[in-house]
Every structure is written in structure tokens, then in C-alpha cells.
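Have a look at structure05.txt; it's compact mmCIF, C-alpha atoms:
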```txt
# COMPACT_ATOMS: atom_id res chain seq x y z
CA MET L 1 -32.57 123.20 97.55
CA HIS L 2 -36.31 123.84 97.52
CA ALA L 3 -36.97 120.09 97.72
CA LEU L 4 -34.61 119.77 100.72
CA ARG L 5 -36.43 122.53 102.65
CA LEU L 6 -39.79 120.88 101.97
CA TYR L 7 -38.48 117.52 103.21
CA LEU L 8 -37.13 119.04 106.44
CA LEU L 9 -40.45 120.85 107.10
CA MET L 10 -42.48 117.63 106.68
CA ALA L 11 -40.11 115.75 109.00
CA LEU L 12 -40.52 118.45 111.69
CA LEU L 13 -44.35 118.28 111.48
CA MET L 14 -44.35 114.48 111.81
CA TRP L 15 -42.11 114.70 114.90
CA LEU L 16 -44.41 117.26 116.58
CA CYS L 17 -47.52 115.13 115.94
CA SER L 18 -45.86 112.04 117.36
CA CYS L 19 -44.92 113.91 120.56
CA GLY L 20 -48.51 115.12 121.06
CA ALA L 21 -50.02 111.67 120.55
CA ASN L 22 -47.74 110.07 123.16
CA ASN L 23 -47.90 112.73 125.87
CA GLY L 24 -48.82 110.61 128.91
CA GLY L 25 -51.06 108.20 126.99
CA HIS L 26 -54.23 110.33 127.35
CA ALA L 27 -55.36 109.58 123.82
CA THR L 28 -55.61 105.81 124.25
CA SER L 29 -59.03 104.19 123.85
CA ASP L 30 -59.27 102.85 127.44
CA SER L 31 -58.45 106.09 129.27
CA LEU L 32 -60.78 107.40 132.02
CA LEU L 33 -61.88 110.95 132.68
CA TYR L 34 -62.86 111.87 136.24
CA TYR L 35 -65.93 114.05 136.60
CA ASN L 36 -67.15 114.74 140.16
CA ASP L 37 -64.95 111.84 141.30
CA HIS L 38 -66.90 109.37 139.12
CA PRO L 39 -64.94 107.66 136.33
CA VAL L 40 -66.56 108.09 132.92
CA GLN L 41 -65.47 106.09 129.91
CA GLN L 42 -64.04 108.41 127.23
CA GLN L 43 -65.60 108.25 123.77
CA THR L 44 -63.29 106.97 121.01
CA ASP L 45 -63.50 106.40 117.28
CA THR L 46 -62.98 102.66 117.76
CA PRO L 47 -66.35 100.84 118.10
CA THR L 48 -66.83 98.71 121.23
CA HIS L 49 -68.53 95.36 120.66
CA SER L 50 -70.65 93.59 123.25
CA ASN L 51 -68.44 90.52 123.20
CA THR L 52 -65.29 92.53 123.95
CA ALA L 53 -66.74 95.01 126.47
CA PRO L 54 -65.76 94.38 130.11
CA LYS L 55 -68.42 92.29 131.87
CA LYS L 56 -69.71 93.14 135.33
CA GLU L 57 -69.61 90.24 137.72
CA PRO L 58 -73.05 89.32 139.13
CA TYR L 59 -73.55 90.70 142.65
CA GLU L 60 -74.64 88.12 145.20
CA TYR L 61 -76.66 89.65 148.01
CA PRO L 62 -76.01 88.37 151.52
CA LYS L 63 -78.67 86.44 153.38
CA ILE L 64 -80.61 88.77 155.68
CA GLU L 65 -80.28 87.64 159.30
CA PRO L 66 -82.59 89.52 161.71
CA ARG L 67 -81.36 90.33 165.20
CA SER L 68 -83.72 89.89 168.15
CA ILE L 69 -84.77 93.02 170.04
CA ALA L 70 -86.58 93.31 173.37
CA GLY L 71 -89.38 95.57 172.13
CA PHE L 72 -90.31 99.14 171.30
CA THR L 73 -90.65 101.84 173.91
CA GLN L 74 -90.52 105.62 173.63
CA PRO L 75 -86.73 105.97 173.74
CA ALA L 76 -84.99 109.22 174.61
CA VAL L 77 -83.42 109.47 171.16
CA VAL L 78 -81.32 112.56 170.49
CA LEU L 79 -79.64 113.02 167.10
CA GLU L 80 -76.88 115.45 166.25
CA SER L 81 -77.43 118.15 163.63
CA PRO L 82 -77.62 117.95 160.66
CA PHE L 83 -80.43 115.40 160.79
CA ARG L 84 -79.50 112.09 159.16
CA PRO L 85 -82.39 109.70 158.35
CA ASP L 86 -80.02 106.73 158.39
CA GLU L 87 -79.07 107.46 162.00
CA ALA L 88 -82.75 107.70 162.96
CA LEU L 89 -83.31 104.29 161.36
CA LYS L 90 -80.47 102.74 163.39
CA ARG L 91 -81.64 104.22 166.70
CA LEU L 92 -85.35 103.47 166.34
CA PHE L 93 -85.05 99.98 164.83
CA PRO L 94 -81.92 98.56 166.54
CA GLY L 95 -81.58 95.31 164.62
CA ARG L 96 -78.78 94.16 162.30
CA TYR L 97 -77.78 96.95 159.91
CA TYR L 98 -77.16 96.36 156.19
CA HIS L 99 -75.96 98.79 153.52
CA LEU L 100 -76.35 97.15 150.10
CA SER L 101 -76.48 97.94 146.42
CA ALA L 102 -80.09 98.29 145.32
CA PRO L 103 -81.43 95.54 143.02
CA TYR L 104 -81.20 96.39 139.31
CA GLU L 105 -79.78 99.86 140.03
CA ASP L 106 -76.05 100.32 139.59
CA ASP L 107 -75.72 103.79 141.10
CA SER L 108 -77.88 103.50 144.23
CA ALA L 109 -77.86 101.65 147.51
CA LEU L 110 -80.33 100.71 150.20
CA SER L 111 -79.91 100.72 153.95
CA LEU L 112 -82.07 98.55 156.18
CA GLU L 113 -82.36 97.18 159.69
CA ALA L 114 -83.26 93.50 160.04
CA TRP L 115 -84.95 92.74 163.36
CA ARG L 116 -87.17 90.25 165.13
CA CYS L 117 -89.35 90.88 168.18
CA LYS L 118 -91.21 87.97 169.70
CA SER L 119 -92.31 89.97 172.75
CA CYS L 120 -93.92 92.81 170.78
CA PRO L 121 -97.74 92.91 170.67
CA GLU L 122 -99.11 91.54 167.40
CA GLN L 123 -101.06 93.81 165.06
CA TRP L 124 -103.09 92.80 162.01
CA PHE L 125 -103.41 95.34 159.20
CA GLU L 126 -105.84 95.35 156.26
CA THR L 127 -104.40 95.07 152.76
CA TRP L 128 -105.73 96.22 149.38
CA PHE L 129 -109.50 95.97 148.80
CA GLY L 130 -109.96 93.88 151.95
CA GLU L 131 -108.32 90.83 150.35
CA GLY L 132 -106.51 89.84 153.51
CA LYS L 133 -104.49 90.96 156.51
CA VAL L 134 -100.79 91.12 157.30
CA LEU L 135 -99.16 90.52 160.67
CA PHE L 136 -96.80 93.02 162.25
CA PRO L 137 -94.25 92.21 163.40
CA GLU L 138 -93.69 88.97 161.51
CA GLN L 139 -92.38 86.15 163.66
CA ASP L 140 -89.60 85.46 161.15
CA GLY L 141 -88.49 89.08 161.25
CA GLN L 142 -88.83 92.41 159.48
CA MET L 143 -86.67 94.50 157.17
CA THR L 144 -87.12 98.23 157.79
CA GLN L 145 -85.95 101.07 155.54
CA TRP L 146 -86.16 104.84 155.76
CA ALA L 147 -88.95 105.92 153.37
CA ASP L 148 -89.44 109.71 153.47
CA THR L 149 -88.76 112.88 155.49
CA LEU L 150 -90.97 115.94 155.84
CA CYS L 151 -89.37 119.12 157.25
CA PHE L 152 -91.52 122.02 158.47
CA THR L 153 -91.56 124.98 160.84
CA ASP L 154 -94.47 125.19 163.30
CA ASP L 155 -96.39 128.28 164.43
CA SER L 156 -93.83 128.97 167.17
CA GLY L 157 -90.94 129.04 164.71
CA ARG L 158 -89.50 125.68 165.81
CA ARG L 159 -88.17 123.28 163.21
CA ASN L 160 -89.71 119.80 163.02
CA ILE L 161 -89.25 116.63 161.01
CA PHE L 162 -91.67 113.80 160.27
CA ILE L 163 -89.85 110.69 159.09
CA SER L 164 -91.55 107.58 157.73
CA PHE L 165 -90.25 104.01 157.69
CA SER L 166 -91.18 101.07 155.48
CA SER L 167 -91.17 97.57 156.98
CA LEU L 168 -91.37 94.34 154.96
CA GLN L 169 -91.16 90.70 155.91
CA VAL L 170 -87.66 89.27 155.64
CA GLN L 171 -87.07 88.15 152.06
CA GLN L 172 -84.44 88.06 149.34
CA ILE L 173 -83.26 91.54 148.39
CA ASP L 174 -84.06 90.83 144.73
CA PHE L 175 -87.77 90.50 145.58
CA ILE L 176 -88.12 93.98 147.08
CA ASN L 177 -90.59 96.18 145.13
CA CYS L 178 -92.44 93.18 143.70
CA GLY L 179 -96.21 92.71 143.84
CA ARG L 180 -98.77 95.22 142.56
CA MET L 181 -101.11 94.56 145.47
CA THR L 182 -98.38 94.08 148.11
CA CYS L 183 -98.23 96.95 150.59
CA ALA L 184 -95.62 97.98 153.16
CA ILE L 185 -95.97 98.68 156.89
CA LEU L 186 -95.83 102.40 157.72
CA GLY L 187 -93.84 103.58 160.73
CA LEU L 188 -93.74 107.24 161.81
CA ALA L 189 -91.49 109.36 164.02
CA TRP L 190 -91.59 113.05 164.94
CA PHE L 191 -88.38 114.92 165.80
CA THR L 192 -88.12 118.53 167.02
CA ASP L 193 -85.15 120.88 166.95
CA SER L 194 -83.88 121.63 170.46
CA GLY L 195 -80.84 123.85 170.66
CA GLY L 196 -79.02 122.35 167.71
CA VAL L 197 -79.95 118.70 168.32
CA TRP L 198 -82.99 116.70 167.21
CA LYS L 199 -85.09 115.17 170.00
CA LEU L 200 -87.64 112.43 169.44
CA LYS L 201 -91.17 113.62 170.23
CA ASN L 202 -93.11 110.50 169.28
CA PHE L 203 -92.64 107.20 167.50
CA ALA L 204 -94.88 104.41 166.17
CA PRO L 205 -93.17 101.43 164.49
CA GLY L 206 -96.34 100.27 162.71
CA LEU L 207 -99.55 102.11 161.82
CA GLY L 208 -100.93 100.18 158.86
CA CYS L 209 -100.15 98.64 155.48
CA TYR L 210 -100.13 101.07 152.56
CA GLY L 211 -98.83 101.53 149.04
CA ALA L 212 -98.06 99.02 146.30
CA PHE L 213 -95.07 97.04 145.07
CA GLN L 214 -93.89 96.87 148.71
CA SER L 215 -93.12 100.59 148.84
CA LEU L 216 -94.75 103.50 150.67
CA PRO L 217 -96.07 106.74 149.15
CA LYS L 218 -94.63 110.08 150.22
CA ILE L 219 -96.03 111.80 153.31
CA HIS L 220 -97.58 115.30 153.17
CA LEU L 221 -98.10 117.89 155.90
CA ILE L 222 -101.50 118.79 157.38
CA ARG L 223 -102.29 121.35 160.11
CA PHE L 224 -105.07 120.60 162.59
CA ALA L 225 -104.66 123.71 164.75
CA ARG L 226 -101.97 126.01 166.09
CA ASN L 227 -98.81 123.90 166.72
CA ASN L 228 -100.82 120.74 166.12
CA TYR L 229 -99.62 119.03 162.96
CA GLY L 230 -99.94 115.67 161.31
CA CYS L 231 -99.33 114.09 157.95
CA TYR L 232 -101.26 112.24 155.30
CA LEU L 233 -100.49 109.85 152.50
CA ARG L 234 -102.36 109.06 149.32
CA TYR L 235 -102.02 105.98 147.19
CA ALA L 236 -103.85 104.59 144.19
CA ASN L 237 -104.09 101.09 142.79
CA GLY L 238 -106.13 98.99 140.43
CA GLY L 239 -106.00 96.16 137.96
CA ALA L 240 -103.81 96.34 134.88
CA GLY L 241 -105.56 98.47 132.26
CA GLY L 242 -108.39 99.39 134.63
CA PRO L 243 -109.20 102.46 136.71
CA TYR L 244 -107.08 103.45 139.70
CA PHE L 245 -108.91 104.31 142.92
CA GLU L 246 -107.03 106.48 145.39
CA TYR L 247 -107.31 106.29 149.17
CA LEU L 248 -106.51 109.09 151.63
CA PHE L 249 -105.21 108.47 155.16
CA VAL L 250 -104.57 111.20 157.74
CA PHE L 251 -102.36 110.63 160.82
CA GLY L 252 -101.88 112.72 163.94
CA LEU L 253 -100.97 112.61 167.62
CA LEU L 254 -103.82 111.74 169.97
CA ASN L 255 -103.26 111.19 173.70
CA GLY L 256 -99.53 110.99 173.10
CA ARG L 257 -99.69 108.37 170.35
CA PHE L 258 -99.78 108.39 166.56
CA LYS L 259 -103.21 107.38 165.27
CA THR L 260 -105.10 107.17 161.98
CA LEU L 261 -107.57 110.04 162.29
CA LEU L 262 -109.29 109.97 158.89
CA THR L 263 -109.74 107.45 156.07
CA VAL L 264 -111.36 108.41 152.76
CA PRO L 265 -111.84 105.54 150.27
CA ASN L 266 -112.24 106.21 146.54
CA ALA L 267 -111.19 109.83 147.01
CA SER L 268 -110.16 109.91 143.37
CA ARG L 269 -110.59 107.80 140.24
CA THR L 270 -108.14 108.00 137.34
CA ASN L 271 -106.71 105.96 134.47
CA GLY L 272 -110.09 104.51 133.53
CA GLY L 273 -111.06 106.31 130.35
CA GLY L 274 -114.49 107.01 131.86
CA SER L 275 -115.58 108.79 135.02
CA GLU L 276 -112.76 110.65 136.74
CA TRP L 277 -112.49 112.75 139.87
CA ARG L 278 -109.77 114.19 142.12
CA TRP L 279 -109.65 115.66 145.62
CA GLN L 280 -108.04 118.50 147.55
CA LEU L 281 -107.57 118.64 151.34
CA LYS L 282 -106.98 121.95 153.14
CA ASP L 283 -105.61 122.77 156.58
CA ALA L 284 -107.96 123.37 159.48
CA ALA L 285 -108.48 126.94 160.68
CA ALA L 286 -108.45 126.45 164.45
CA ASP L 287 -106.44 127.73 167.42
CA THR L 288 -106.60 124.60 169.58
CA GLY L 289 -107.50 120.94 169.37
CA PHE L 290 -108.50 119.49 166.01
CA GLY L 291 -110.26 121.91 163.67
CA ASP L 292 -112.65 120.89 160.88
CA LEU L 293 -110.99 119.65 157.70
CA PRO L 294 -112.46 120.73 154.33
CA LEU L 295 -112.19 118.23 151.47
CA THR L 296 -113.23 119.04 147.88
CA ILE L 297 -113.84 116.39 145.21
CA LYS L 298 -114.26 117.49 141.59
CA GLY L 299 -114.61 115.52 138.39
CA THR L 300 -116.79 114.17 135.62
CA CYS L 301 -119.28 111.33 135.83
CA LEU L 302 -120.15 109.29 132.71
CA ARG L 303 -123.10 106.98 132.19
CA ASP L 304 -122.54 103.53 130.75
CA ILE L 305 -124.91 103.64 127.77
CA GLU L 306 -125.25 99.85 127.40
CA ALA L 307 -125.82 99.17 131.09
CA ASN L 308 -127.77 102.43 131.52
CA GLU L 309 -126.06 103.17 134.82
CA TYR L 310 -123.42 105.44 136.29
CA ASP L 311 -120.20 104.26 137.89
CA PRO L 312 -121.25 102.36 141.06
CA ASP L 313 -117.96 103.33 142.74
CA SER L 314 -118.58 107.06 142.38
CA PRO L 315 -118.80 109.19 145.56
CA GLU L 316 -121.83 108.38 147.66
CA GLU L 317 -123.20 111.89 147.23
CA LEU L 318 -123.73 111.20 143.52
CA GLN L 319 -125.74 108.08 144.25
CA LYS L 320 -128.53 110.34 145.49
CA LYS L 321 -128.26 112.97 142.77
CA ARG L 322 -128.14 111.78 139.17
CA PRO L 323 -128.73 114.31 136.39
CA ALA L 324 -130.38 112.98 133.24
CA ALA L 325 -127.36 113.79 131.07
CA ASP L 326 -125.06 111.05 129.84
CA SER L 327 -122.14 112.95 131.30
CA PHE L 328 -121.87 115.82 133.75
CA GLY L 329 -119.31 117.64 135.85
CA PHE L 330 -119.69 117.72 139.61
CA ALA L 331 -118.17 119.18 142.76
CA ILE L 332 -118.55 117.81 146.28
CA TYR L 333 -117.64 119.90 149.34
CA ARG L 334 -117.20 117.86 152.51
CA GLN L 335 -116.49 119.02 156.04
CA TYR L 336 -114.96 116.54 158.49
CA HIS L 337 -115.38 117.20 162.20
CA PHE L 338 -113.27 115.69 164.98
CA SER L 339 -115.43 113.60 167.32
CA ARG L 340 -114.83 110.50 169.46
CA ASN L 341 -111.10 110.32 168.69
CA SER L 342 -111.32 110.55 164.89
CA TYR L 343 -112.56 112.73 162.04
CA ARG L 344 -116.11 112.05 160.85
CA LEU L 345 -118.17 113.52 158.04
CA LEU L 346 -120.17 116.44 159.43
CA LYS L 347 -121.84 117.76 156.30
CA SER L 348 -121.60 117.64 152.54
CA ARG L 349 -122.78 119.84 149.68
CA THR L 350 -122.99 118.66 146.05
CA GLN L 351 -123.12 120.62 142.81
CA ALA L 352 -124.20 118.54 139.81
CA PRO L 353 -124.20 119.28 136.99
CA LEU L 354 -121.67 122.08 137.15
CA LYS L 355 -122.43 125.17 135.11
CA ARG L 356 -119.97 125.71 132.29
```

Could you show the structure in this file as C-alpha cells?
Amino acid sequence: MHALRLYLLMALLMWLCSCGANNGGHATSDSLLYYNDHPVQQQTDTPTHSNTAPKKEPYEYPKIEPRSIAGFTQPAVVLESPFRPDEALKRLFPGRYYHLSAPYEDDSALSLEAWRCKSCPEQWFETWFGEGKVLFPEQDGQMTQWADTLCFTDDSGRRNIFISFSSLQVQQIDFINCGRMTCAILGLAWFTDSGGVWKLKNFAPGLGCYGAFQSLPKIHLIRFARNNYGCYLRYANGGAGGPYFEYLFVFGLLNGRFKTLLTVPNASRTNGGGSEWRWQLKDAAADTGFGDLPLTIKGTCLRDIEANEYDPDSPEELQKKRPAADSFGFAIYRQYHFSRNSYRLLKSRTQAPLKR
């Protein structure tokens, strides 16, 4: 009798386990769990080998075909709220629109406008270290992407947006972001909030060639005076294993047009294992116009013992003031004054060596 009870109990347990294992098939090795609407492969005890794993078919990017446009004017562009950078791209660069998977990145995509403008005035922009110039727009066409947005509130309490665009010559999508010394053309637009819609205040399709690997750096806000704002970008480059020199470019509106107002070469030096310095730019303290911009450069200068010289690319202020020490800290305080449509160095004060 005892043996019969034990047999019946074991049979009942086996039946319950079999029901749980076959309830809807959720314990099979190829089931999917949905997290935030993205399927995620469930972990199992069965190892998955590379030769049996599902293979992703190679994605073939379409050939980019630019569409001809008549030219760029100051269009009366009005965008609905909330502000969408992709809509700004479509309205300001009305070419042929593409929305594609980004090269080598499974979970991202890129949006671009492909356009050609044979009637637009040609501009030639300097590239890295004066090694050449690039034409904008290219006769064979351009590919333009949204690069960055900068949202801010001005002194009157109105909301504003700077948006930057990156333009490249038409090429295969796989080649985007290639080339250490290959820059991208910067375009800028300024939108202001007007009763729940965003109105275009100013637009420049091309201001210069900046950045590396065909991509633009982020833009940062700068204040020239009350309700007079601009932006700046900083980018560094150099040879593999060598020092990186950083350039500073400041942009603002002058006579109703975007313009490069200040350029500071070699504003910082990093990644060299020797002399290093960095900079800091502050807003102007002015009520109208373009106030003076204070720029501070701080770092350490090292002497090359074998060559018995200091870094020849160090700030020009240090060329005139060389302490006898093999290494010394320094601080340079520059003041840039707006004159003749751009910022120019007004005065400079140098501390070297710095007291510890």
C-alpha cells in the first residue's frame, strides 16, 4: 500500500512538470522577449555556435542621386512645435531626402539631403594645416546631414535654437567618417520661438570646413551683448601618436549674415607627452554691439633638452618670455576687441613661471 501511494505521488509530480514546460512554448530556446518594443534573444542553457547562428544579410546602400536646386535664399521657413531637426534639414536643403541605416551601426540611422546647385556662388574653404582647399558647393553634388542643435533662452526670455549642418561631397555611404584630415562643411541656422512656432531668423549653408573624419564638432553658445548671441566650435587634430593642436572659431550675425568673427589657432595642445595648455573663453559683458571677449590659456611649457629649445608652436606670448627653467607653468590672459567687422587681439598679459 505504501509503495502504491509513492508511485501515484511521483506520477502526479511528473504530470505537473510536463504541463508547466509546455504552457505556450515560452521555454523553447528560440523564444523572444519584448522589452521596450525591441526583441531581445532569451538566454538558454544550450550553447549557440557561430556556424548555426542566424546570419544577417549584407545591407546594400542605394546610390545617392542629388537633386538640382535653384539656389539658397533667406526663405520664410516656419516649423511647427516641437522643433524637429530633420524637418529643418528638409526645408533648408530641399534636395532628395534619404533615411538610411548608418554604416557599421545596427541600431542607428542617418538622414541626409542630396542636392546639386550649379547656380550657387562658389566658395573655397581652407582645410587642415593649410594643405589645400575644398569647393562648396561641389559641382557633382553635396550630401547634407543635421549635425547639432543648441537651445537657449535670450535676455528677453525668448527661446532660440542654433542648428548646425554637415555637408560632404557625394560619395558612397560606407565612406562617411573616413579620413583623419578630412573636414566637413559647416552650415548654420538660427530659429526663434514665435507664439508656438519656430521662425527662421538667419541661415548660411556654408561657413567653412571644420572637424576631422568628415564630421563636425559640437557647437557651443557665446554671448556678445544683450540679446546678441553666437556660437563657437573647437576641434583638435594631429598626426598619429603626436600632439593635438586645437583651433577655436567663433561665429555670429553681422549685418544680417552669419560670419566668422574670431579664429584662434593652437589654442590648446594635448596628447603630446610634453608641453600642454588649454583655454577658456568667457561671455562678453556688454549691453549693445559686440563686447570684448576674454580668453585665458593655461598650461606647462617644457624645454627639449637635446635641442635646447622650447616648443616652437607654443603661444606667441611665450616666444618673448622664456624662463631659464627646463619646465614652467604659465597663464596668458587675452582680451579680444571687436573692430573692422571681426574680433582682434587688443591686449595680452602673461604670467610665467606661475607661482606654486

Exercise. From the list L:Ser268, L:Ser215, L:Gln319, L:Thr350, which residue is nearest Ala331 in chain L when using only C-alpha atoms?
Worked result: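 Looking only at the distances to Ala331 in chain L, the closest residue turns out to be L:Thr350.
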
- prompt: How far is it from CA of Lys347 in chain L to CA of Lys218 in chain L, in Å with one decimal?
  reply: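 Here the two named atoms are 28.9 Å from each other.
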
Using all atoms listed in the file, which of the listed residues (L:Arg334, L:Lys199, L:Lys259, L:Lys90) sits closest to Phe165 in chain L?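 Under the stated criterion, the closest residue is L:Lys90.
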
inquiry  = Between CA of Cys120 in chain L and CA of Leu100 in chain L, what is the distance in Å, rounded to a tenth?
reply    =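 Straight-line distance from CA of Cys120 in chain L to CA of Leu100 in chain L works out to 27.5 Å.
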
Query raised in the report: Between L:Thr263, L:Gly208, L:Gly157, L:Arg226, which is the closest to Ser342 in chain L once you count all atoms listed in the file?
Result: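 Checking each of L:Thr263, L:Gly208, L:Gly157, L:Arg226 against Ser342 in chain L, counting all atoms listed in the file, the winner is L:Thr263.
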
Inset, instruction - Rounded to one decimal place, report the CA of Thr270 in chain L-CA of Phe245 in chain L distance in Å. - result: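 For CA of Thr270 in chain L relative to CA of Phe245 in chain L, the distance reads 6.7 Å.
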
Residue nearest Phe258 in chain L - candidates L:Phe290, L:Gly242, L:Leu302, L:Pro205, atoms counted: only C-alpha atoms =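 Smallest distance to Phe258 in chain L is found for L:Pro205.
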
Excluding same-chain residues fewer than 4 positions from range 168-182 of chain L, what lies within 6 Å of it counting all atoms listed in the file, as a compact mmCIF listing (two decimals) with C-alpha atoms, keeping the file's coordinate frame?
```txt
# COMPACT_ATOMS: atom_id res chain seq x y z
CA PRO L 103 -81.43 95.54 143.02
CA GLY L 141 -88.49 89.08 161.25
CA GLN L 142 -88.83 92.41 159.48
CA MET L 143 -86.67 94.50 157.17
CA ALA L 212 -98.06 99.02 146.30
CA PHE L 213 -95.07 97.04 145.07
CA GLN L 214 -93.89 96.87 148.71
```

Give the padded box for range 210-219 of chain L as AutoDock Vina command-line options: axis-aligned, covering all atoms listed in the file, 3 Å on each side, centre and edge lengths in Å to one decimal.
```
--center_x -96.6 --center_y 104.3 --center_z 149.2 --size_x 13.0 --size_y 20.9 --size_z 14.2
```

When you count all atoms listed in the file, which of these residues is closest to Ala325 in chain L: L:Gly273, L:Pro137, L:Gly206, L:Pro353?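 Distance minimum relative to Ala325 in chain L lands on L:Pro353.
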
Under the rule that all atoms listed in the file are counted, which of L:Tyr235, L:Tyr247, L:Phe328, L:Phe191 is the nearest residue to Glu276 in chain L?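 Comparing L:Tyr235, L:Tyr247, L:Phe328, L:Phe191 against Glu276 in chain L, the winner is L:Phe328.
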
Exercise for the section: Please provide the set of residues having any atom within 6 Å of Ser164 in chain L, restricted to all atoms listed in the file, with same-chain residues fewer than 3 positions apart removed, written as a PyMOL selection string. Expected result: chain L and resi 147-148+187-188

Closest-contact table, range 131-242 of chain L side, partner range 64-86 of chain L, 7 Å, counting all atoms listed in the file, as JSON lines:
```
{"residue": "L:Gly141", "atom": "CA", "partner": "L:Pro66", "partner_atom": "CA", "distance": 5.9}
{"residue": "L:Trp146", "atom": "CA", "partner": "L:Pro85", "partner_atom": "CA", "distance": 6.7}
{"residue": "L:Gly196", "atom": "CA", "partner": "L:Ser81", "partner_atom": "CA", "distance": 6.1}
{"residue": "L:Val197", "atom": "CA", "partner": "L:Glu80", "partner_atom": "CA", "distance": 4.9}
{"residue": "L:Trp198", "atom": "CA", "partner": "L:Leu79", "partner_atom": "CA", "distance": 5.0}
{"residue": "L:Lys199", "atom": "CA", "partner": "L:Val78", "partner_atom": "CA", "distance": 4.6}
{"residue": "L:Leu200", "atom": "CA", "partner": "L:Val77", "partner_atom": "CA", "distance": 5.4}
{"residue": "L:Phe203", "atom": "CA", "partner": "L:Gln74", "partner_atom": "CA", "distance": 6.7}
```

Notebook entry, point to check: Which residues, written as a PyMOL selection string, have at least one atom at most 8 Å from Ser327 in chain L, with all atoms listed in the file counted and residues fewer than 5 positions away on the same chain left out?
Noted result: chain L and resi 300-303
